[in-house]
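upload_15.cif, holding mmCIF, C-alpha atoms:
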```
data_protein
#
loop_
_atom_site.label_atom_id
_atom_site.label_comp_id
_atom_site.auth_asym_id
_atom_site.auth_seq_id
_atom_site.Cartn_x
_atom_site.Cartn_y
_atom_site.Cartn_z
CA MET A 1 23.93 165.39 107.81
CA LEU A 2 23.06 168.21 105.40
CA GLN A 3 26.50 168.07 103.76
CA ARG A 4 26.15 164.32 103.16
CA LEU A 5 22.68 164.84 101.69
CA LEU A 6 23.90 167.51 99.25
CA ALA A 7 26.84 165.34 98.21
CA ALA A 8 24.55 162.37 97.56
CA LEU A 9 22.21 164.47 95.44
CA LEU A 10 25.08 165.88 93.38
CA LEU A 11 26.62 162.45 92.80
CA THR A 12 23.25 161.10 91.72
CA ALA A 13 22.85 163.98 89.30
CA LEU A 14 26.20 163.55 87.52
CA PRO A 15 25.10 160.84 85.05
CA ALA A 16 22.04 162.83 84.02
CA THR A 17 22.37 164.69 80.74
CA ALA A 18 18.80 165.57 79.81
CA ASP A 19 17.10 168.89 80.58
CA ASP A 20 14.41 166.90 82.41
CA TRP A 21 16.57 166.89 85.54
CA SER A 22 16.83 169.76 88.04
CA LEU A 23 18.42 170.44 91.41
CA GLY A 24 16.75 172.65 94.01
CA LEU A 25 18.25 174.35 97.08
CA ALA A 26 16.07 176.35 99.46
CA GLY A 27 15.55 177.52 103.03
CA GLY A 28 12.85 179.01 105.21
CA PRO A 29 10.89 178.71 108.47
CA PHE A 30 10.14 175.20 109.75
CA GLY A 31 7.17 175.07 112.12
CA PHE A 32 6.56 172.03 114.33
CA GLY A 33 3.29 170.39 115.32
CA ARG A 34 2.58 168.92 118.75
CA PHE A 35 4.57 165.84 119.77
CA ALA A 36 2.53 165.02 122.89
CA GLU A 37 -0.41 166.39 124.87
CA ARG A 38 -1.63 165.82 128.39
CA THR A 39 -4.81 166.83 130.17
CA MET A 40 -4.59 166.98 133.96
CA ILE A 41 -7.45 167.37 136.41
CA ALA A 42 -6.79 168.61 139.94
CA GLU A 43 -9.18 168.97 142.88
CA THR A 44 -9.01 172.41 144.52
CA GLU A 45 -11.01 174.19 147.19
CA ALA A 46 -12.95 175.93 144.42
CA GLY A 47 -13.71 172.67 142.66
CA THR A 48 -12.16 170.77 139.80
CA LYS A 49 -9.43 172.45 137.75
CA ARG A 50 -8.63 171.18 134.28
CA SER A 51 -5.34 172.08 132.56
CA GLU A 52 -3.75 171.06 129.28
CA ILE A 53 -0.09 171.12 128.28
CA HIS A 54 1.73 170.12 125.14
CA LEU A 55 5.24 169.33 124.00
CA SER A 56 6.46 170.90 120.76
CA ALA A 57 9.41 172.79 119.27
CA ALA A 58 9.96 176.39 118.26
CA THR A 59 9.85 177.57 114.65
CA ARG A 60 13.37 177.73 113.27
CA PRO A 61 15.04 178.03 109.82
CA GLY A 62 15.13 174.79 107.87
CA LEU A 63 17.17 173.86 104.77
CA SER A 64 16.10 171.65 101.89
CA ALA A 65 17.74 170.09 98.85
CA ASP A 66 16.08 168.03 96.15
CA LEU A 67 16.70 166.25 92.86
CA GLN A 68 13.77 166.28 90.44
CA LYS A 69 13.16 164.26 87.26
CA ARG A 70 10.46 164.98 84.69
CA ILE A 71 8.71 161.68 83.83
CA GLY A 72 5.88 163.08 81.73
CA GLY A 73 4.51 166.27 80.26
CA ARG A 74 3.01 167.41 83.57
CA ILE A 75 4.47 164.90 86.06
CA SER A 76 7.81 164.82 87.87
CA ALA A 77 9.31 162.70 90.64
CA ARG A 78 11.27 164.45 93.37
CA LEU A 79 13.72 163.14 95.99
CA GLU A 80 13.93 165.73 98.75
CA GLY A 81 15.69 166.11 102.08
CA THR A 82 15.12 168.76 104.75
CA PHE A 83 17.03 169.52 107.92
CA THR A 84 16.41 171.77 110.93
CA ARG A 85 17.30 172.15 114.62
CA SER A 86 15.11 173.67 117.30
CA PRO A 87 14.64 173.97 121.07
CA VAL A 88 11.89 171.80 122.55
CA ALA A 89 9.51 173.29 125.10
CA VAL A 90 6.56 172.35 127.30
CA ARG A 91 3.75 174.91 127.14
CA GLY A 92 0.15 175.43 128.06
CA ALA A 93 -2.28 174.37 125.34
CA THR A 94 -3.11 178.01 124.55
CA GLY A 95 0.58 178.96 124.27
CA SER A 96 0.29 181.20 127.32
CA GLY A 97 2.48 181.06 130.39
CA VAL A 98 6.17 180.33 130.75
CA ALA A 99 7.62 177.64 128.47
CA LEU A 100 9.77 175.03 130.21
CA ASP A 101 12.92 174.38 128.17
CA ALA A 102 13.05 170.59 127.69
CA GLY A 103 16.01 170.20 125.30
CA ARG A 104 16.84 170.38 121.60
CA ILE A 105 15.67 168.42 118.59
CA ALA A 106 17.25 167.90 115.16
CA VAL A 107 14.93 166.67 112.41
CA THR A 108 15.97 165.24 109.06
CA THR A 109 13.15 164.39 106.66
CA PHE A 110 13.35 162.52 103.37
CA ALA A 111 10.42 162.63 100.93
CA LEU A 112 9.62 161.16 97.52
CA PRO A 113 6.59 163.05 96.19
CA LEU A 114 5.07 163.11 92.73
CA VAL A 115 4.80 166.64 91.37
CA VAL A 116 1.93 167.75 89.13
CA HIS A 117 2.81 170.81 87.05
CA LEU A 118 -0.33 172.89 86.59
CA ARG A 119 1.38 175.33 84.25
CA PRO A 120 4.47 173.59 82.81
CA GLY A 121 5.26 176.27 80.22
CA GLY A 122 5.95 179.97 80.58
CA ALA A 123 8.05 181.97 82.97
CA LEU A 124 5.64 181.67 85.94
CA ARG A 125 4.84 178.07 86.91
CA PHE A 126 2.71 176.37 89.57
CA ASP A 127 2.65 172.82 90.90
CA LEU A 128 1.11 170.51 93.50
CA PHE A 129 2.90 167.56 95.09
CA ALA A 130 2.28 164.66 97.49
CA GLY A 131 3.99 161.44 98.49
CA PRO A 132 5.60 159.40 101.27
CA ALA A 133 8.00 160.88 103.83
CA TYR A 134 10.39 159.50 106.43
CA ALA A 135 11.55 161.56 109.42
CA LEU A 136 14.50 161.10 111.78
CA TYR A 137 14.14 162.87 115.15
CA HIS A 138 17.27 163.23 117.29
CA VAL A 139 16.63 164.62 120.78
CA ARG A 140 19.00 165.91 123.45
CA ARG A 141 17.07 166.17 126.69
CA ARG A 142 17.66 169.01 129.13
CA ARG A 143 14.85 168.44 131.59
CA SER A 144 11.35 167.09 131.95
CA GLY A 145 8.55 169.08 133.43
CA ALA A 146 4.86 169.77 133.84
CA GLY A 147 3.98 166.10 133.43
CA LEU A 148 5.54 165.60 129.99
CA ALA A 149 8.70 163.51 129.85
CA LEU A 150 11.15 163.80 126.95
CA PHE A 151 13.17 160.85 125.72
CA GLU A 152 16.80 161.15 124.63
CA GLY A 153 18.18 159.60 121.46
CA THR A 154 17.00 159.07 117.87
CA ARG A 155 13.62 157.87 116.65
CA SER A 156 12.16 157.65 113.17
CA GLY A 157 8.73 157.44 111.61
CA TRP A 158 6.95 157.22 108.27
CA GLY A 159 4.39 159.71 107.06
CA THR A 160 3.36 161.85 104.13
CA VAL A 161 4.23 165.16 102.55
CA ALA A 162 1.90 167.40 100.55
CA GLY A 163 2.03 170.96 99.36
CA ALA A 164 2.19 173.50 96.56
CA GLY A 165 4.88 175.49 94.85
CA MET A 166 5.45 178.40 92.50
CA ALA A 167 8.50 179.16 90.35
CA TRP A 168 9.65 182.02 88.17
CA ARG A 169 12.05 180.87 85.48
CA TRP A 170 14.25 183.67 84.18
CA ASN A 171 16.25 181.56 81.69
CA ASP A 172 16.63 177.96 80.48
CA ARG A 173 18.75 176.93 83.47
CA PHE A 174 17.73 178.90 86.55
CA ALA A 175 14.48 179.62 88.37
CA LEU A 176 13.44 181.19 91.66
CA GLU A 177 11.11 178.90 93.57
CA GLY A 178 8.81 179.09 96.59
CA ARG A 179 7.09 176.14 98.31
CA ALA A 180 4.87 175.31 101.26
CA SER A 181 4.97 171.72 102.54
CA ASP A 182 2.90 169.94 105.19
CA ILE A 183 4.97 167.02 106.57
CA ALA A 184 2.85 164.67 108.70
CA THR A 185 4.77 161.83 110.36
CA SER A 186 4.44 159.79 113.52
CA SER A 187 5.45 161.61 116.70
CA PRO A 188 8.93 161.10 118.18
CA MET A 189 7.17 160.54 121.51
CA ARG A 190 5.71 157.18 122.63
CA ARG A 191 3.10 156.35 125.21
CA SER A 192 5.74 154.22 126.94
CA ASP A 193 7.73 157.40 127.68
CA PHE A 194 5.16 158.19 130.38
CA PRO A 195 4.44 156.34 133.62
CA ARG A 196 1.74 153.71 133.35
CA ASN A 197 -0.43 155.57 135.83
CA ALA A 198 -0.18 158.86 133.89
CA THR A 199 -3.66 159.81 132.73
CA GLY A 200 -4.85 162.15 130.00
CA VAL A 201 -1.86 161.49 127.71
CA ARG A 202 -2.35 161.71 123.96
CA ILE A 203 0.24 161.25 121.22
CA PRO A 204 -0.99 163.17 118.14
CA ARG A 205 0.37 162.97 114.62
CA PRO A 206 2.36 166.21 114.29
CA HIS A 207 1.98 168.31 111.14
CA ASN A 208 5.26 170.12 110.50
CA LEU A 209 4.95 173.06 108.10
CA HIS A 210 7.96 174.08 106.01
CA VAL A 211 7.83 177.26 103.89
CA THR A 212 10.87 177.76 101.67
CA GLY A 213 12.30 180.04 99.03
CA GLY A 214 15.28 179.13 96.88
CA ILE A 215 16.78 178.46 93.50
CA ARG A 216 16.37 175.63 90.94
CA TYR A 217 19.00 174.65 88.40
CA SER A 218 17.95 172.60 85.36
CA PHE A 219 20.44 170.49 83.42
#
```

Since I need it in another form, could you write the structure as structure tokens?
Amino acid sequence: MLQRLLAALLLTALPATADDWSLGLAGGPFGFGRFAERTMIAETEAGTKRSEIHLSAATRPGLSADLQKRIGGRISARLEGTFTRSPVAVRGATGSGVALDAGRIAVTTFALPLVVHLRPGGALRFDLFAGPAYALYHVRRRRSGAGLALFEGTRSGWGTVAGAGMAWRWNDRFALEGRASDIATSSPMRRSDFPRNATGVRIPRPHNLHVTGGIRYSF
């Protein structure tokens, strides 16, 4: 998937001849939000016991590639793709206790944000960006447990991306760049994944945080 994305970006960039185009390649930790939550209440001899569990994925390295076009003095449009793989686990809401390994998830996200350059000139540059995003979640289930079932297959969902970046440009062509992105899309889980009589189930909108560092080439 990543190889096809890079090839598509490079082929798109070939006809471009102006310096207003740039290609970015980066990598860094990709942190996942919660895909599903469940609150369970059990009657014990000591009274009522309330417990919460959630389904999420571990933080793992993620890769990103983007093609950016300057469309104004301080505005650019960016087509970006990110990719990561991670184990999925069921945990207590506080993160304590033993995590039950539920499978693996591969996430590919495409985004088309507008970028506002706060300091377009100079060697050190800053920008803000926001726009629509589309995520593809592919899950391989290993087990279900603790009242949270995991589907198997591929699901997709629309959402948004927003964040900020900083770049240090050392010549006319190359720059070092760092970015932090909040990618909020619909969860890969559905209420229909759970039995009808399952109570206390909530499907939140996960906020996936991607922090990257990489290089940008202008052409």

Checklist entry - Hey, can you check how far atom CA of A:His117 sits from atom CA of A:Gly157? => result 28.6 Å

Next on the checklist: Please compute the atom CA of A:Arg173-atom CA of A:Ala123 distance, one decimal, in Å.
Outcome noted: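 Interatomic distance here is 11.8 Å.
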
Item to check | Selection result for the PyMOL selection byres ((chain A and resi 34) around 7) on this file, as an MDAnalysis selection string | outcome: chainID A and resid 32:33 35:36 54:56 204 206

Write the residues of the selection above to a file with C-alpha atoms, as an mmCIF file, in the coordinates of the input.
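Once written, out_14.cif looks like this:
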```
data_model
loop_
_atom_site.group_PDB
_atom_site.id
_atom_site.type_symbol
_atom_site.label_atom_id
_atom_site.label_comp_id
_atom_site.auth_asym_id
_atom_site.auth_seq_id
_atom_site.Cartn_x
_atom_site.Cartn_y
_atom_site.Cartn_z
ATOM 1 C CA PHE A 32 6.560 172.030 114.330
ATOM 2 C CA GLY A 33 3.290 170.390 115.320
ATOM 3 C CA PHE A 35 4.570 165.840 119.770
ATOM 4 C CA ALA A 36 2.530 165.020 122.890
ATOM 5 C CA HIS A 54 1.730 170.120 125.140
ATOM 6 C CA LEU A 55 5.240 169.330 124.000
ATOM 7 C CA SER A 56 6.460 170.900 120.760
ATOM 8 C CA PRO A 204 -0.990 163.170 118.140
ATOM 9 C CA PRO A 206 2.360 166.210 114.290
#
```

Checklist entry - Do you know which residues the PyMOL selection byres ((chain A and resi 62-65) around 7) returns on this file, as a PyMOL selection string? => result chain A and resi 6+24-30+60-61+66+80-84

Checklist entry - What does the distance between atom CA of A:Pro132 and atom CA of A:Ala111 come to in Å, to one decimal place? => result 5.8 Å

Next on the checklist: as a list in words, please: the residues near A:Ala77 (cut-off 8 Å, only C-alpha atoms, same-chain neighbours under 5 positions excluded).
Outcome noted: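 So, after excluding close chain neighbours, the residues are Gln68, Lys69, Arg70, Ile71, Leu112, Pro113, Leu114 and Val115 of chain A.
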
Around all of stretch 64-70 of chain A's listed atoms, make the axis-aligned box with 3 Å on each side and tell me centre and edge lengths in Å to one decimal, as JSON.
```
{"center_x": 14.1, "center_y": 168.0, "center_z": 93.3, "size_x": 13.3, "size_y": 13.4, "size_z": 23.2}
```

Checklist entry - Could you write out as a PyMOL selection string the residues that the PyMOL selection byres ((chain A and resi 86) around 9) matches in the shown file? => result chain A and resi 57-61+84-85+87-88+103-107

Next on the checklist: At a cut-off of 12 Å, using all atoms listed in the file, what residues contact A:Ala130? Leave out same-chain residues fewer than 4 positions from it and give the result as a ChimeraX atom specification.
Outcome noted: /A:75-80,111-116,159-165,180-184

Item to check | Spatial neighbours of stretch 151-153 of chain A, max dist 6 Å, only C-alpha atoms, sep filter under 6 positions, as a PyMOL selection string | outcome: chain A and resi 138-141
